[in-house]
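A short worksheet on the structure shown next.
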Amino acid sequence: MTCECPPHSAGETAPDDIGLIQVRQPSVRSSYRMICLPSRRNSASDYLAMSDLLLPTVELLVVRYPEPAGDEHPPADPAELVDKIFRAVEGWSDLPLALFGHGFGADLAHGLAQRLERETDAGPLTLFVSGRTGPCHRGPLGPPSLGCRVVAIAGRHDPCAPLPGVRDWRRATSGRFDLEVLPGGRDYLCSHRREVVNLVHDQLISLHGTDPDLDRPRQAPTDLRRTGPPPKRGA
């Protein structure tokens, strides 16, 4: 079940605010939190479906953009959108973080990972970039801008993200890089959802060894009340 979280400030949500959808299981504390940045074509619903397979080990926080945003109508200033997302999620650092961006959301996740590494002590464990060619494939790229692990995911026959371009994400990090290729085209988040969930789960668990939640029975999430972000570590 989902809980739509309001912005940090009080009052009604403005049209250009970033929205957050938290998916969690109150009865069992998760080991990780993954912030998902969809493309416009790949809406929040795909991540809500993934959450059933990831809980309770991985809790999802799905970003909802102000309109227009996404592959069809990218914002005039992506850096401004990254800044808004950064301010919206900076209070959600009480669990180890991963980022998952698909399509245009992969570019935003890359920018968000840079901000988190540069400006906080809660940089992501792993950046998952899906269905998107690397930044250097679309323009000049200097030294690696990240230190975290980057996992690039692609459909073998996705015309929008050919494998040589997706492989270029390796130049975005000084850390480990993995390329995961799934069958078919661009719809693998739906058609191969379980495979995507398994690789996300395995990548995160491999960083910390044995997962304490692996032997726990999975329980159905319960309804949640509207709530704000959890306190930061040490708060």
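Ligands are numbered from 1 in the order shown, chains are lettered A, B, ... in the order of the structure tokens, and residues start at 1 in each chain.
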Expected answer as a PyMOL selection string: alpha helix (DSSP H) residues in segment 70-217 of chain A: chain A and resi 78-89+104-119+163-167+188-191+193-208
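Taking only segment 39-156 of chain A, the residues that DSSP calls strand (DSSP E) from the backbone come to Val58, Glu59, Leu60, Leu61, Val62, Val63, Arg64, Leu97, Ala98, Leu99, Phe100, Gly101, His102, Thr126, Leu127, Phe128, Val129, Ser130, Arg149, Val150, Val151, Ala152, Ile153, Ala154 and Gly155 of chain A.
Take the candidates A:Phe104, A:Gly91, A:Glu195, A:Ser206 and check each one against Cys160 of chain A using only C-alpha atoms; the shortest distance goes to A:Phe104.
When atom CA of Gln25 of chain A is paired with atom CA of Val197 of chain A, their separation reads 17.0 Å.
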Within 7 Å of Ser31 of chain A using only C-alpha atoms, minus same-chain residues under 4 positions, as a ChimeraX atom specification: /A:57-58,95
Polymer residues at most 8 Å from Arg176 of chain A, only C-alpha atoms, same-chain spacing of 4 or more positions, as number ranges by chain: A: 148-150
Any chance you can output those residues with all heavy atoms as a PDB file, in the first residue's frame?
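Generated file (selection-v7.pdb):
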```pdb
ATOM      1  N   CYS A 148      30.149   5.892  -6.458  1.00  0.00           N
ATOM      2  CA  CYS A 148      29.312   4.748  -6.115  1.00  0.00           C
ATOM      3  C   CYS A 148      29.277   3.742  -7.263  1.00  0.00           C
ATOM      4  O   CYS A 148      29.694   4.026  -8.380  1.00  0.00           O
ATOM      5  CB  CYS A 148      27.897   5.205  -5.784  1.00  0.00           C
ATOM      6  SG  CYS A 148      26.986   5.889  -7.192  1.00  0.00           S
ATOM      7  N   ARG A 149      28.773   2.565  -6.971  1.00  0.00           N
ATOM      8  CA  ARG A 149      28.554   1.564  -8.017  1.00  0.00           C
ATOM      9  C   ARG A 149      27.455   2.041  -8.954  1.00  0.00           C
ATOM     10  O   ARG A 149      26.452   2.605  -8.529  1.00  0.00           O
ATOM     11  CB  ARG A 149      28.139   0.235  -7.388  1.00  0.00           C
ATOM     12  CG  ARG A 149      27.743  -0.831  -8.399  1.00  0.00           C
ATOM     13  CD  ARG A 149      27.232  -2.089  -7.728  1.00  0.00           C
ATOM     14  NE  ARG A 149      28.297  -2.797  -7.036  1.00  0.00           N
ATOM     15  CZ  ARG A 149      28.125  -3.980  -6.441  1.00  0.00           C
ATOM     16  NH1 ARG A 149      26.947  -4.567  -6.461  1.00  0.00           N
ATOM     17  NH2 ARG A 149      29.126  -4.558  -5.821  1.00  0.00           N
ATOM     18  N   VAL A 150      27.655   1.826 -10.244  1.00  0.00           N
ATOM     19  CA  VAL A 150      26.642   2.133 -11.247  1.00  0.00           C
ATOM     20  C   VAL A 150      26.260   0.841 -11.949  1.00  0.00           C
ATOM     21  O   VAL A 150      27.130   0.090 -12.409  1.00  0.00           O
ATOM     22  CB  VAL A 150      27.155   3.161 -12.277  1.00  0.00           C
ATOM     23  CG1 VAL A 150      26.152   3.311 -13.425  1.00  0.00           C
ATOM     24  CG2 VAL A 150      27.393   4.519 -11.615  1.00  0.00           C
TER      25      VAL A 150
END
```
Residue with smallest distance to Pro159 of chain A - pool A:Val62, A:Phe86, A:Gly131, A:Val28, counting only C-alpha atoms: A:Gly131
Nearest residue to Arg118 of chain A from the set A:Ser191, A:Pro164, A:Asp94, A:Leu146 (distances using only C-alpha atoms): A:Leu146
Residue neighbourhood segment 35-39 of chain A, 9 Å, only C-alpha atoms, exclusion window fewer than 3 positions, as a PyMOL selection string: chain A and resi 42-44+46-47+59-65+69-72+89+97-106+108-109
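The nearest approach to Leu116 of chain A among the residues A:Gly134, A:Gly147, A:Asn198, A:Gly142, with only C-alpha atoms taken into account, belongs to A:Gly147.
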Length of the atom CA of Val151 of chain A to atom CA of Leu199 of chain A vector [Å]: 9.4 Å
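Ranking A:Ala122, A:Pro183, A:Lys84, A:Trp92 by their shortest atom-to-atom distance to Gln22 of chain A, with only C-alpha atoms included, puts A:Trp92 first.
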